[in-house]
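**Q** Following this message is one structure expressed as structure tokens.
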Amino acid sequence: MLRGVDFEVARGSIFALLGSNGAGKTTVVRILSTLLKADAGSVDVNGFDVATQSAGVRESISLTGQFAAVDEILTGRENLVLVARLRNLKDPGRIADGLLERFSLTDAANRRVSEYSGGMRRRLDIAMSLSGNPPVIFLDEPTTGLDPQSRLEVWQAVKELAGRGTMVLLTTQYLDEAEQLADRIAILHKGTIIVNGTLAEPQQLLPPAKVEYVEKKPTLENVFLALVSEDGGGRSAEPTSQESR
Amino acid sequence: MITRFLGDTTILLGRSLRHIVRSVDTIITTAVMPVAMMLLFVYVFGGAIDTGSDSYVNYLLPGILLITVASGIAYTAVRLFTDMKSGIFERFQSMPIVRSSVLWAHVLTSLVANLISLVVMLAVALLIGFRSGAGVLAWLAIAGVLFLFTLALTWIAVIPGLSAKSAEGASAFSYPLIFLPFLSTAFVPTATMPGPVRVFAENQPVTPIVSAIRALMTEQPVGNDIWIALGWCVGVLVVAYFLAISAYRRKIS
């Protein structure tokens with residue numbers, strides 16, 4: 001049940017739809033990707049109306065749903081070739097190899113996806129969505145259930161996408177994820193968007209920041225990533241802000 | 001549009017066929033049960049059953065072939081259910097393809113998988129003494145009836161495949177279909193059945209289908225049975241198709 005959901009997303013920007021479980025995030029994504037018809041209201045995606053020009057919408061978008069939608073029985077490479085062929089792209093094999101490389105899956109290319117870890121599946125899932133470079137990408141809770149490293153890899157991929165001019169809409173229930181990635185953030189609560197703006201705007205809703213001195217200890221995430229990363233801690237997370245308000 | 005549909009369906013059919021090749025166990029399971037049943041009936045019960053024909057394998061085979069298809073389509077439902085569950089169905093539906101090709105690829109895969117099991121059954125039957133003097137035309141007619149029967153049952157399988165909540169639920173619908181041949185002339189003549197059972201057995205769809213195939217295999221005149229059989233197959237096919245399409249519309253608008 002959605003009421004009063006109204007937003008625009010600019011090309012090359014990342015828009016985060018933030019909300020708790022059951023807020024209606026997935027419903028929004030399903031309507032945007034023409035899987036569900038809205039009872040009322042109008043939605044344009046890349047200039048196409050989702051109700052009357054759904055074919056045009058599907059040409060423009062790629063959906064990465066809440067659960068990695070990959071074919072377990074096929075290999076990673078076969079999954080990518082399949083999607084490229086369905087998108088009618090020239091030279092699906094080369095496109096698949098390029099994406100495997102980009103998402104560091106080349107070594108696992110010819111293994112069946114059922115043997116992949118959760119993070120690898122998610123990376124493959126996102127790689128499949130990028131086949132054919134659609135101008136609009138929907139990511140429905142892309143990092144739910146991922147370990148911290150895979151989460152950083154996904155974040156990196158999302159930032160790269162926006163850098164190439166792709167419009168990214170992502171839903172998340174993690175506040176830090178929205179803070180890290182998004183240019184604009186909307187908070188969806190019980191089917192209604194209650195806040196919509198840049199990160200600075202919602203922050204202004206609260207009293208101004210006051211300065212406190214806090215001893216800056218590494219977070220458990222910093223420690224974890226430093227200990228487990230293969231290249232001796234080079235891949236540590238950006239230190240999180242310790243400023244409190 | 002039509003070339004797009006054919007192209008998309010071919011690509012997706014290739015995908016499901018690869019599934020079948022890689023999970024040979026499902027084909028073996030599909031064939032093992034009817035093979036076991038055939039051996040049981042031929043070598044254990046068959047000797048005590050008076051069918052009026054000189055070879056019980058010849059009498060039994062049409063019914064066994066129908067049971068093979070009925071148990072084979074359970075996997076059609078499970079394959080479709082797995083696609084729904086994993087989200088890959090929605091991925092395909094949100095891509096610029098002809099949407100119905102996803103469903104048609106599953107239907108065609110079901111036809112291919114059942115064709116393989118039917119050939120296996122026929123080979124086993126030949127090994128244990130099935131013989132037929134039927135000509136090419138009769139065999140084409142048999143193939144046609146089995147094709148329509150498989151297509152009708154496949155569209156029935158699409159309904160739970162789209163709407164089931166669990167994999168067990170998706171395949172459970174096939175049990176009554178597997179059981180139906182037992183309440184027909186597939187294994188025994190109806191003469192010894194008590195009244196109501198006999199009425200049911202003589203008027204349910206499996207009986208004319210079995211009789212028509214049996215007549216074609218044994219070079220007997222098929223009479224009206226073939227038309228009643230085709231009528232049932234086409235009728236069930238049309239009803240199942242529309243129910244399946246409306247279940248599909250409920251999933252994807």
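Ligands are numbered from 1 in the order shown, residues from 1 within each chain, and chains are lettered A, B, ... in the order they appear in the structure tokens.
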Quick one: residues within 12 Å of Arg250 of chain B, only C-alpha atoms, excluding same-chain residues fewer than 3 positions away - as a PyMOL selection string?
**A** (chain A and resi 35-37) or (chain B and resi 159+162-163+243-247+253)
**Q** Store the residues of this selection in a file with all heavy atoms, as a short mmCIF file (atom, residue, chain, number, x, y, z; two decimals), in the first residue's frame.
**A**
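Output below, filename result-v1.cif:
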data_model
loop_
_atom_site.label_atom_id
_atom_site.label_comp_id
_atom_site.auth_asym_id
_atom_site.auth_seq_id
_atom_site.Cartn_x
_atom_site.Cartn_y
_atom_site.Cartn_z
N LEU A 35 6.77 -4.85 -13.12
CA LEU A 35 6.32 -6.17 -12.66
C LEU A 35 4.98 -6.07 -11.95
O LEU A 35 4.30 -7.07 -11.73
CB LEU A 35 7.36 -6.77 -11.71
CG LEU A 35 8.69 -7.16 -12.35
CD1 LEU A 35 9.69 -7.58 -11.30
CD2 LEU A 35 8.48 -8.27 -13.37
N LEU A 36 4.61 -4.84 -11.57
CA LEU A 36 3.38 -4.64 -10.82
C LEU A 36 2.74 -3.36 -11.35
O LEU A 36 3.44 -2.38 -11.59
CB LEU A 36 3.73 -4.48 -9.34
CG LEU A 36 2.62 -4.50 -8.31
CD1 LEU A 36 2.02 -5.89 -8.23
CD2 LEU A 36 3.20 -4.11 -6.94
N LYS A 37 1.42 -3.40 -11.54
CA LYS A 37 0.75 -2.18 -12.01
C LYS A 37 0.31 -1.35 -10.81
O LYS A 37 -0.23 -1.88 -9.85
CB LYS A 37 -0.48 -2.56 -12.85
CG LYS A 37 -0.17 -2.81 -14.30
CD LYS A 37 -1.42 -2.66 -15.16
CE LYS A 37 -1.12 -2.87 -16.63
NZ LYS A 37 -0.81 -4.27 -16.96
N ILE B 159 0.14 -24.43 -13.86
CA ILE B 159 -0.67 -23.75 -12.84
C ILE B 159 -0.02 -23.84 -11.45
O ILE B 159 0.26 -22.81 -10.84
CB ILE B 159 -2.12 -24.29 -12.85
CG1 ILE B 159 -2.73 -24.12 -14.25
CG2 ILE B 159 -2.98 -23.56 -11.81
CD1 ILE B 159 -4.02 -24.89 -14.47
N LEU B 162 3.34 -21.99 -11.17
CA LEU B 162 3.28 -20.54 -10.98
C LEU B 162 2.78 -20.15 -9.60
O LEU B 162 3.15 -19.13 -9.06
CB LEU B 162 2.36 -19.91 -12.02
CG LEU B 162 2.88 -19.81 -13.45
CD1 LEU B 162 1.75 -19.43 -14.40
CD2 LEU B 162 4.00 -18.79 -13.53
N SER B 163 1.88 -20.99 -9.02
CA SER B 163 1.19 -20.50 -7.83
C SER B 163 1.53 -21.26 -6.54
O SER B 163 1.06 -20.86 -5.48
CB SER B 163 -0.32 -20.52 -8.08
OG SER B 163 -0.71 -21.73 -8.66
N LEU B 243 -6.50 -21.34 -17.57
CA LEU B 243 -6.25 -21.22 -16.13
C LEU B 243 -4.79 -20.83 -15.88
O LEU B 243 -4.49 -19.99 -15.02
CB LEU B 243 -6.57 -22.54 -15.41
CG LEU B 243 -8.06 -22.87 -15.30
CD1 LEU B 243 -8.25 -24.24 -14.66
CD2 LEU B 243 -8.78 -21.80 -14.47
N ALA B 244 -3.88 -21.45 -16.64
CA ALA B 244 -2.45 -21.15 -16.46
C ALA B 244 -2.16 -19.70 -16.82
O ALA B 244 -1.44 -19.01 -16.10
CB ALA B 244 -1.60 -22.09 -17.32
N ILE B 245 -2.76 -19.22 -17.92
CA ILE B 245 -2.51 -17.83 -18.33
C ILE B 245 -3.07 -16.86 -17.29
O ILE B 245 -2.46 -15.83 -16.99
CB ILE B 245 -3.12 -17.56 -19.73
CG1 ILE B 245 -2.36 -18.36 -20.79
CG2 ILE B 245 -3.10 -16.09 -20.08
CD1 ILE B 245 -0.91 -17.97 -20.97
N SER B 246 -4.22 -17.22 -16.69
CA SER B 246 -4.75 -16.28 -15.70
C SER B 246 -3.91 -16.33 -14.41
O SER B 246 -3.74 -15.31 -13.75
CB SER B 246 -6.24 -16.51 -15.44
OG SER B 246 -6.44 -17.58 -14.58
N ALA B 247 -3.35 -17.50 -14.08
CA ALA B 247 -2.43 -17.57 -12.94
C ALA B 247 -1.19 -16.73 -13.22
O ALA B 247 -0.67 -16.03 -12.35
CB ALA B 247 -2.02 -19.02 -12.66
N SER B 253 1.74 -8.33 -13.84
CA SER B 253 0.68 -7.53 -14.45
C SER B 253 1.26 -6.65 -15.55
O SER B 253 2.46 -6.46 -15.64
CB SER B 253 0.00 -6.66 -13.42
OG SER B 253 0.94 -5.85 -12.78
#
**Q** So that I can check the surroundings of segment 226-241 of chain B, please list as a list in words every protein, DNA and RNA residue that reaches within 7 Å of it, counting only C-alpha atoms and ignoring chain neighbours fewer than 5 positions away.
**A**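 Counting only the stated atoms, we get Val145, Leu148, Phe149, Leu151, Ala152, Trp155, Ile156, Pro205, Pro208, Ile209 and Ala212 of chain B.
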**Q** Limited to N, CA and C atoms, could you put the picked residues into a file as a PDB file, in the first residue's frame?
**A**
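The result, stored in result.pdb:
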ATOM      1  N   VAL B 145      -1.335 -38.538 -30.351  1.00  0.00           N
ATOM      2  CA  VAL B 145      -2.163 -38.595 -29.139  1.00  0.00           C
ATOM      3  C   VAL B 145      -1.300 -38.331 -27.901  1.00  0.00           C
ATOM      4  N   LEU B 148      -0.420 -34.614 -27.651  1.00  0.00           N
ATOM      5  CA  LEU B 148      -1.514 -33.784 -27.137  1.00  0.00           C
ATOM      6  C   LEU B 148      -1.723 -34.013 -25.649  1.00  0.00           C
ATOM      7  N   PHE B 149      -1.629 -35.300 -25.227  1.00  0.00           N
ATOM      8  CA  PHE B 149      -1.784 -35.641 -23.815  1.00  0.00           C
ATOM      9  C   PHE B 149      -0.702 -34.947 -22.982  1.00  0.00           C
ATOM     10  N   LEU B 151       1.043 -32.270 -23.809  1.00  0.00           N
ATOM     11  CA  LEU B 151       0.852 -30.814 -23.855  1.00  0.00           C
ATOM     12  C   LEU B 151      -0.246 -30.392 -22.872  1.00  0.00           C
ATOM     13  N   ALA B 152      -1.346 -31.165 -22.844  1.00  0.00           N
ATOM     14  CA  ALA B 152      -2.453 -30.828 -21.934  1.00  0.00           C
ATOM     15  C   ALA B 152      -1.978 -30.907 -20.480  1.00  0.00           C
ATOM     16  N   TRP B 155       0.363 -28.020 -19.470  1.00  0.00           N
ATOM     17  CA  TRP B 155      -0.304 -26.755 -19.107  1.00  0.00           C
ATOM     18  C   TRP B 155      -0.971 -26.877 -17.752  1.00  0.00           C
ATOM     19  N   ILE B 156      -1.442 -28.100 -17.389  1.00  0.00           N
ATOM     20  CA  ILE B 156      -1.941 -28.277 -16.011  1.00  0.00           C
ATOM     21  C   ILE B 156      -0.793 -28.016 -15.047  1.00  0.00           C
ATOM     22  N   PRO B 205     -11.246 -39.826 -18.829  1.00  0.00           N
ATOM     23  CA  PRO B 205     -10.445 -39.600 -20.054  1.00  0.00           C
ATOM     24  C   PRO B 205      -9.379 -40.662 -20.333  1.00  0.00           C
ATOM     25  N   PRO B 208     -10.552 -43.918 -22.871  1.00  0.00           N
ATOM     26  CA  PRO B 208     -10.513 -43.820 -24.341  1.00  0.00           C
ATOM     27  C   PRO B 208      -9.102 -43.595 -24.893  1.00  0.00           C
ATOM     28  N   ILE B 209      -8.257 -42.875 -24.139  1.00  0.00           N
ATOM     29  CA  ILE B 209      -6.892 -42.633 -24.634  1.00  0.00           C
ATOM     30  C   ILE B 209      -6.132 -43.952 -24.678  1.00  0.00           C
ATOM     31  N   ALA B 212      -7.547 -46.198 -27.420  1.00  0.00           N
ATOM     32  CA  ALA B 212      -7.161 -45.772 -28.770  1.00  0.00           C
ATOM     33  C   ALA B 212      -5.719 -46.171 -29.059  1.00  0.00           C
TER      34      ALA B 212
END
**Q** Which segment 37-102 of chain B residues have any atom within 12 Å of an atom of segment 117-125 of chain A, and for each, what is the nearest pair of atoms with distance in Å to one decimal, counting only C-alpha atoms, rows sorted by chain and number, as a Markdown table?
**A**
| residue | atom | partner | partner_atom | distance |
| --- | --- | --- | --- | --- |
| B:Ser86 | CA | A:Asp125 | CA | 11.6 |
| B:Gly87 | CA | A:Asp125 | CA | 10.7 |
| B:Ile88 | CA | A:Asp125 | CA | 9.9 |
| B:Arg91 | CA | A:Asp125 | CA | 9.9 |
**Q** How about saving the chosen residues, C-alpha atoms kept, as a PDB file, in the first residue's frame?
**A**
ATOM      1  CA  SER B  86      14.885 -17.836  -7.255  1.00  0.00           C
ATOM      2  CA  GLY B  87      13.768 -14.516  -8.742  1.00  0.00           C
ATOM      3  CA  ILE B  88      15.137 -15.340 -12.187  1.00  0.00           C
ATOM      4  CA  ARG B  91      14.549 -10.885 -13.884  1.00  0.00           C
TER       5      ARG B  91
END
**Q** Output as CSV one row per residue of chain A within 10 Å of chain B: the closest atom pair and its distance in Å to one decimal place, counting only C-alpha atoms, sorted by chain and residue number ascending.
**A**
residue,atom,partner,partner_atom,distance
A:Arg30,CA,B:Ser94,CA,9.1
A:Ile31,CA,B:Ser253,CA,9.7
A:Leu32,CA,B:Ser94,CA,9.7
A:Ser33,CA,B:Ser94,CA,5.9
A:Thr34,CA,B:Ser94,CA,6.7
A:Leu35,CA,B:Ile252,CA,5.5
A:Leu36,CA,B:Ser253,CA,5.4
A:Lys37,CA,B:Ser253,CA,5.9
A:Ala38,CA,B:Ser253,CA,9.6
A:Ala51,CA,B:Ser253,CA,9.8
A:Ser54,CA,B:Pro96,CA,9.2
A:Ala55,CA,B:Pro96,CA,6.4
A:Gly56,CA,B:Pro96,CA,8.0
A:Val57,CA,B:Pro96,CA,8.3
A:Arg58,CA,B:Pro96,CA,4.9
A:Glu59,CA,B:Pro96,CA,5.0
A:Ser60,CA,B:Pro96,CA,8.4
A:Ile61,CA,B:Met95,CA,7.6
A:Ser62,CA,B:Met95,CA,6.9
A:Leu63,CA,B:Arg91,CA,6.5
A:Thr64,CA,B:Arg91,CA,7.4
A:Gly65,CA,B:Gly87,CA,7.1
A:Gln66,CA,B:Gly87,CA,8.3
A:Phe67,CA,B:Gly87,CA,6.6
A:Ala68,CA,B:Gly87,CA,7.2
A:Ala69,CA,B:Ile88,CA,4.5
A:Val70,CA,B:Ile88,CA,6.0
A:Asp71,CA,B:Ile88,CA,7.0
A:Glu72,CA,B:Ser86,CA,9.0
A:Ile73,CA,B:His19,CA,6.3
A:Leu74,CA,B:His19,CA,7.6
A:Glu78,CA,B:Arg15,CA,9.0
A:Asn79,CA,B:Arg15,CA,9.2
A:Leu82,CA,B:Ile11,CA,7.4
A:Val83,CA,B:Phe92,CA,8.6
A:Arg85,CA,B:Ile11,CA,7.4
A:Leu86,CA,B:Asp8,CA,6.2
A:Arg87,CA,B:Pro96,CA,6.6
A:Asn88,CA,B:Asp8,CA,9.1
A:Asp125,CA,B:Arg91,CA,9.9
A:Met128,CA,B:Arg91,CA,9.7
A:Ser129,CA,B:Arg91,CA,8.9
**Q** Might you pull out every residue within 10 Å of segment 24-41 of chain B, with only C-alpha atoms counted and same-chain residues fewer than 4 positions away left off, and present them as a short mmCIF file (atom, residue, chain, number, x, y, z; two decimals) with all heavy atoms, in the first residue's frame?
**A**
data_model
loop_
_atom_site.label_atom_id
_atom_site.label_comp_id
_atom_site.auth_asym_id
_atom_site.auth_seq_id
_atom_site.Cartn_x
_atom_site.Cartn_y
_atom_site.Cartn_z
N HIS B 19 19.64 -27.51 -18.24
CA HIS B 19 19.27 -27.99 -16.90
C HIS B 19 19.01 -29.48 -16.91
O HIS B 19 19.44 -30.21 -16.02
CB HIS B 19 17.99 -27.30 -16.41
CG HIS B 19 18.21 -25.89 -15.97
ND1 HIS B 19 17.28 -25.19 -15.25
CD2 HIS B 19 19.25 -25.06 -16.14
CE1 HIS B 19 17.75 -23.97 -15.00
NE2 HIS B 19 18.94 -23.87 -15.54
N ILE B 20 18.27 -29.92 -17.93
CA ILE B 20 17.90 -31.34 -17.99
C ILE B 20 19.14 -32.19 -18.19
O ILE B 20 19.33 -33.21 -17.51
CB ILE B 20 16.90 -31.55 -19.14
CG1 ILE B 20 15.61 -30.85 -18.80
CG2 ILE B 20 16.69 -33.04 -19.39
CD1 ILE B 20 14.46 -31.26 -19.63
N PHE B 45 1.83 -59.39 -11.15
CA PHE B 45 0.36 -59.43 -11.22
C PHE B 45 -0.14 -59.97 -12.56
O PHE B 45 -1.17 -60.62 -12.63
CB PHE B 45 -0.23 -58.03 -11.02
CG PHE B 45 0.20 -57.36 -9.76
CD1 PHE B 45 0.55 -56.03 -9.73
CD2 PHE B 45 0.22 -58.08 -8.57
CE1 PHE B 45 0.94 -55.42 -8.57
CE2 PHE B 45 0.61 -57.47 -7.38
CZ PHE B 45 0.98 -56.12 -7.39
N GLY B 46 0.62 -59.68 -13.60
CA GLY B 46 0.14 -59.92 -14.96
C GLY B 46 -0.36 -61.33 -15.21
O GLY B 46 -1.39 -61.52 -15.86
N GLY B 47 0.38 -62.31 -14.65
CA GLY B 47 0.02 -63.70 -14.90
C GLY B 47 -1.38 -64.04 -14.40
O GLY B 47 -2.04 -64.93 -14.92
N ALA B 48 -1.83 -63.29 -13.34
CA ALA B 48 -3.12 -63.59 -12.75
C ALA B 48 -4.24 -62.74 -13.34
O ALA B 48 -5.39 -62.88 -12.97
CB ALA B 48 -3.05 -63.38 -11.24
N ILE B 49 -3.88 -61.84 -14.23
CA ILE B 49 -4.90 -60.96 -14.81
C ILE B 49 -5.30 -61.48 -16.18
O ILE B 49 -4.45 -61.72 -17.04
CB ILE B 49 -4.37 -59.51 -14.94
CG1 ILE B 49 -4.01 -58.95 -13.57
CG2 ILE B 49 -5.40 -58.62 -15.62
CD1 ILE B 49 -3.34 -57.58 -13.62
N TYR B 56 0.54 -59.65 -21.97
CA TYR B 56 0.15 -58.61 -21.02
C TYR B 56 0.94 -57.33 -21.23
O TYR B 56 0.43 -56.24 -21.01
CB TYR B 56 0.29 -59.12 -19.57
CG TYR B 56 -0.30 -58.13 -18.57
CD1 TYR B 56 -1.67 -57.85 -18.61
CD2 TYR B 56 0.49 -57.49 -17.64
CE1 TYR B 56 -2.23 -56.93 -17.73
CE2 TYR B 56 -0.06 -56.56 -16.75
CZ TYR B 56 -1.42 -56.29 -16.79
OH TYR B 56 -1.96 -55.39 -15.93
N VAL B 57 2.24 -57.42 -21.67
CA VAL B 57 3.02 -56.20 -21.94
C VAL B 57 2.30 -55.36 -22.98
O VAL B 57 2.20 -54.14 -22.85
CB VAL B 57 4.43 -56.55 -22.47
CG1 VAL B 57 5.31 -55.31 -22.49
CG2 VAL B 57 5.07 -57.63 -21.65
N LEU B 60 -0.60 -53.64 -21.39
CA LEU B 60 -0.25 -52.69 -20.34
C LEU B 60 0.42 -51.41 -20.83
O LEU B 60 0.25 -50.35 -20.24
CB LEU B 60 0.69 -53.44 -19.39
CG LEU B 60 1.40 -52.71 -18.27
CD1 LEU B 60 0.49 -52.69 -17.06
CD2 LEU B 60 2.69 -53.44 -17.93
N LEU B 61 1.19 -51.53 -21.91
CA LEU B 61 2.07 -50.42 -22.30
C LEU B 61 1.39 -49.06 -22.45
O LEU B 61 1.91 -48.07 -21.93
CB LEU B 61 2.86 -50.79 -23.57
CG LEU B 61 3.92 -49.75 -23.94
CD1 LEU B 61 4.98 -49.65 -22.84
CD2 LEU B 61 4.58 -50.07 -25.27
N GLY B 63 -1.09 -47.66 -20.90
CA GLY B 63 -1.32 -47.07 -19.58
C GLY B 63 -0.02 -46.65 -18.92
O GLY B 63 0.06 -45.59 -18.30
N ILE B 64 1.03 -47.49 -19.09
CA ILE B 64 2.33 -47.16 -18.50
C ILE B 64 2.89 -45.88 -19.13
O ILE B 64 3.47 -45.05 -18.45
CB ILE B 64 3.31 -48.34 -18.71
CG1 ILE B 64 2.95 -49.50 -17.76
CG2 ILE B 64 4.75 -47.92 -18.51
CD1 ILE B 64 3.26 -49.21 -16.29
N LEU B 65 2.67 -45.72 -20.44
CA LEU B 65 3.16 -44.51 -21.10
C LEU B 65 2.47 -43.27 -20.52
O LEU B 65 3.10 -42.24 -20.29
CB LEU B 65 2.93 -44.59 -22.61
CG LEU B 65 3.75 -45.65 -23.36
CD1 LEU B 65 3.41 -45.63 -24.85
CD2 LEU B 65 5.24 -45.45 -23.15
N LEU B 66 1.15 -43.39 -20.24
CA LEU B 66 0.44 -42.24 -19.67
C LEU B 66 0.95 -41.94 -18.26
O LEU B 66 1.10 -40.78 -17.87
CB LEU B 66 -1.07 -42.50 -19.64
CG LEU B 66 -1.76 -42.72 -20.99
CD1 LEU B 66 -3.28 -42.63 -20.83
CD2 LEU B 66 -1.30 -41.72 -22.04
N ILE B 67 1.23 -42.99 -17.48
CA ILE B 67 1.77 -42.79 -16.12
C ILE B 67 3.14 -42.11 -16.21
O ILE B 67 3.47 -41.25 -15.39
CB ILE B 67 1.85 -44.14 -15.38
CG1 ILE B 67 0.45 -44.58 -14.98
CG2 ILE B 67 2.74 -44.04 -14.15
CD1 ILE B 67 0.39 -45.81 -14.13
N THR B 68 3.94 -42.49 -17.21
CA THR B 68 5.25 -41.87 -17.39
C THR B 68 5.10 -40.36 -17.58
O THR B 68 5.80 -39.57 -16.95
CB THR B 68 5.94 -42.46 -18.63
OG1 THR B 68 5.95 -43.88 -18.51
CG2 THR B 68 7.36 -41.95 -18.78
N VAL B 69 4.16 -39.97 -18.43
CA VAL B 69 3.96 -38.54 -18.68
C VAL B 69 3.44 -37.86 -17.41
O VAL B 69 3.92 -36.78 -17.02
CB VAL B 69 2.97 -38.33 -19.85
CG1 VAL B 69 2.64 -36.84 -20.01
CG2 VAL B 69 3.56 -38.88 -21.14
N ALA B 70 2.49 -38.52 -16.72
CA ALA B 70 1.91 -37.91 -15.52
C ALA B 70 2.96 -37.67 -14.45
O ALA B 70 2.92 -36.68 -13.72
CB ALA B 70 0.78 -38.78 -14.98
N SER B 71 3.94 -38.60 -14.33
CA SER B 71 4.97 -38.36 -13.32
C SER B 71 6.04 -37.41 -13.85
O SER B 71 6.68 -36.69 -13.08
CB SER B 71 5.57 -39.67 -12.81
OG SER B 71 6.07 -40.43 -13.88
N GLY B 72 6.22 -37.37 -15.17
CA GLY B 72 7.21 -36.46 -15.75
C GLY B 72 6.85 -35.00 -15.59
O GLY B 72 7.70 -34.16 -15.34
N ILE B 73 5.56 -34.67 -15.70
CA ILE B 73 5.18 -33.26 -15.64
C ILE B 73 5.31 -32.69 -14.23
O ILE B 73 5.30 -31.48 -14.05
CB ILE B 73 3.75 -33.01 -16.17
CG1 ILE B 73 2.79 -33.98 -15.53
CG2 ILE B 73 3.70 -33.05 -17.67
CD1 ILE B 73 1.47 -33.36 -15.27
N ALA B 74 5.45 -33.57 -13.21
CA ALA B 74 5.70 -33.05 -11.87
C ALA B 74 6.98 -32.21 -11.89
O ALA B 74 7.07 -31.17 -11.24
CB ALA B 74 5.83 -34.19 -10.88
N TYR B 75 7.96 -32.65 -12.68
CA TYR B 75 9.23 -31.91 -12.77
C TYR B 75 9.06 -30.60 -13.54
O TYR B 75 9.78 -29.64 -13.30
CB TYR B 75 10.32 -32.78 -13.39
CG TYR B 75 10.75 -33.88 -12.47
CD1 TYR B 75 10.23 -35.16 -12.57
CD2 TYR B 75 11.67 -33.62 -11.45
CE1 TYR B 75 10.61 -36.15 -11.70
CE2 TYR B 75 12.04 -34.60 -10.57
CZ TYR B 75 11.52 -35.87 -10.70
OH TYR B 75 11.88 -36.85 -9.82
N ALA B 113 11.54 -33.34 -22.44
CA ALA B 113 11.88 -34.24 -21.34
C ALA B 113 10.97 -35.46 -21.36
O ALA B 113 11.43 -36.60 -21.17
CB ALA B 113 11.75 -33.50 -20.01
N ASN B 114 9.67 -35.25 -21.60
CA ASN B 114 8.75 -36.38 -21.62
C ASN B 114 8.98 -37.29 -22.82
O ASN B 114 8.81 -38.50 -22.72
CB ASN B 114 7.30 -35.88 -21.61
CG ASN B 114 6.86 -35.53 -20.20
OD1 ASN B 114 6.83 -36.40 -19.33
ND2 ASN B 114 6.57 -34.28 -19.97
N ILE B 116 11.86 -37.93 -24.10
CA ILE B 116 12.99 -38.79 -23.74
C ILE B 116 12.51 -39.95 -22.85
O ILE B 116 12.82 -41.11 -23.11
CB ILE B 116 14.08 -37.97 -23.01
CG1 ILE B 116 14.63 -36.88 -23.95
CG2 ILE B 116 15.22 -38.87 -22.53
CD1 ILE B 116 15.58 -35.91 -23.27
N SER B 117 11.71 -39.63 -21.82
CA SER B 117 11.23 -40.70 -20.93
C SER B 117 10.38 -41.71 -21.68
O SER B 117 10.45 -42.91 -21.43
CB SER B 117 10.40 -40.15 -19.77
OG SER B 117 10.82 -38.91 -19.38
N LEU B 118 9.55 -41.22 -22.62
CA LEU B 118 8.69 -42.15 -23.36
C LEU B 118 9.52 -43.10 -24.22
O LEU B 118 9.21 -44.29 -24.31
CB LEU B 118 7.71 -41.36 -24.24
CG LEU B 118 6.55 -40.67 -23.49
CD1 LEU B 118 5.74 -39.79 -24.43
CD2 LEU B 118 5.65 -41.71 -22.83
N VAL B 119 10.59 -42.56 -24.83
CA VAL B 119 11.45 -43.42 -25.64
C VAL B 119 12.12 -44.48 -24.76
O VAL B 119 12.20 -45.66 -25.12
CB VAL B 119 12.51 -42.56 -26.39
CG1 VAL B 119 13.56 -43.45 -27.03
CG2 VAL B 119 11.84 -41.70 -27.44
N VAL B 120 12.56 -44.06 -23.55
CA VAL B 120 13.17 -45.02 -22.61
C VAL B 120 12.16 -46.12 -22.27
O VAL B 120 12.49 -47.31 -22.29
CB VAL B 120 13.64 -44.29 -21.31
CG1 VAL B 120 14.03 -45.29 -20.24
CG2 VAL B 120 14.80 -43.35 -21.63
N MET B 121 10.91 -45.72 -21.97
CA MET B 121 9.89 -46.71 -21.62
C MET B 121 9.66 -47.70 -22.75
O MET B 121 9.53 -48.90 -22.52
CB MET B 121 8.55 -46.01 -21.31
CG MET B 121 8.54 -45.16 -20.08
SD MET B 121 9.18 -46.00 -18.63
CE MET B 121 8.01 -47.33 -18.53
N LEU B 122 9.60 -47.15 -23.97
CA LEU B 122 9.36 -48.00 -25.13
C LEU B 122 10.50 -49.01 -25.29
O LEU B 122 10.27 -50.20 -25.59
CB LEU B 122 9.25 -47.10 -26.37
CG LEU B 122 8.27 -47.52 -27.45
CD1 LEU B 122 6.90 -47.80 -26.87
CD2 LEU B 122 8.16 -46.41 -28.51
N VAL B 124 12.49 -50.19 -22.92
CA VAL B 124 12.39 -51.23 -21.88
C VAL B 124 11.29 -52.21 -22.23
O VAL B 124 11.44 -53.43 -22.08
CB VAL B 124 12.14 -50.58 -20.49
CG1 VAL B 124 11.91 -51.66 -19.44
CG2 VAL B 124 13.29 -49.68 -20.10
N ALA B 125 10.16 -51.69 -22.74
CA ALA B 125 9.04 -52.57 -23.11
C ALA B 125 9.47 -53.56 -24.20
O ALA B 125 9.15 -54.75 -24.14
CB ALA B 125 7.87 -51.73 -23.58
N ILE B 128 11.41 -56.42 -22.72
CA ILE B 128 10.68 -57.47 -21.99
C ILE B 128 9.54 -58.05 -22.83
O ILE B 128 8.62 -58.66 -22.30
CB ILE B 128 10.14 -56.96 -20.63
CG1 ILE B 128 9.14 -55.81 -20.82
CG2 ILE B 128 11.28 -56.53 -19.71
CD1 ILE B 128 8.41 -55.44 -19.53
N ILE B 178 -1.30 -39.54 -11.70
CA ILE B 178 -0.60 -40.82 -11.81
C ILE B 178 -1.55 -41.95 -11.44
O ILE B 178 -1.50 -43.05 -11.99
CB ILE B 178 0.65 -40.83 -10.88
CG1 ILE B 178 1.67 -39.81 -11.38
CG2 ILE B 178 1.27 -42.22 -10.81
CD1 ILE B 178 2.84 -39.58 -10.44
N PHE B 187 -4.90 -51.29 -16.81
CA PHE B 187 -4.26 -52.50 -16.26
C PHE B 187 -5.17 -53.72 -16.30
O PHE B 187 -4.69 -54.83 -16.44
CB PHE B 187 -3.79 -52.23 -14.83
CG PHE B 187 -2.74 -51.17 -14.74
CD1 PHE B 187 -3.07 -49.87 -14.38
CD2 PHE B 187 -1.43 -51.46 -15.08
CE1 PHE B 187 -2.09 -48.89 -14.34
CE2 PHE B 187 -0.46 -50.48 -15.04
CZ PHE B 187 -0.79 -49.19 -14.67
#
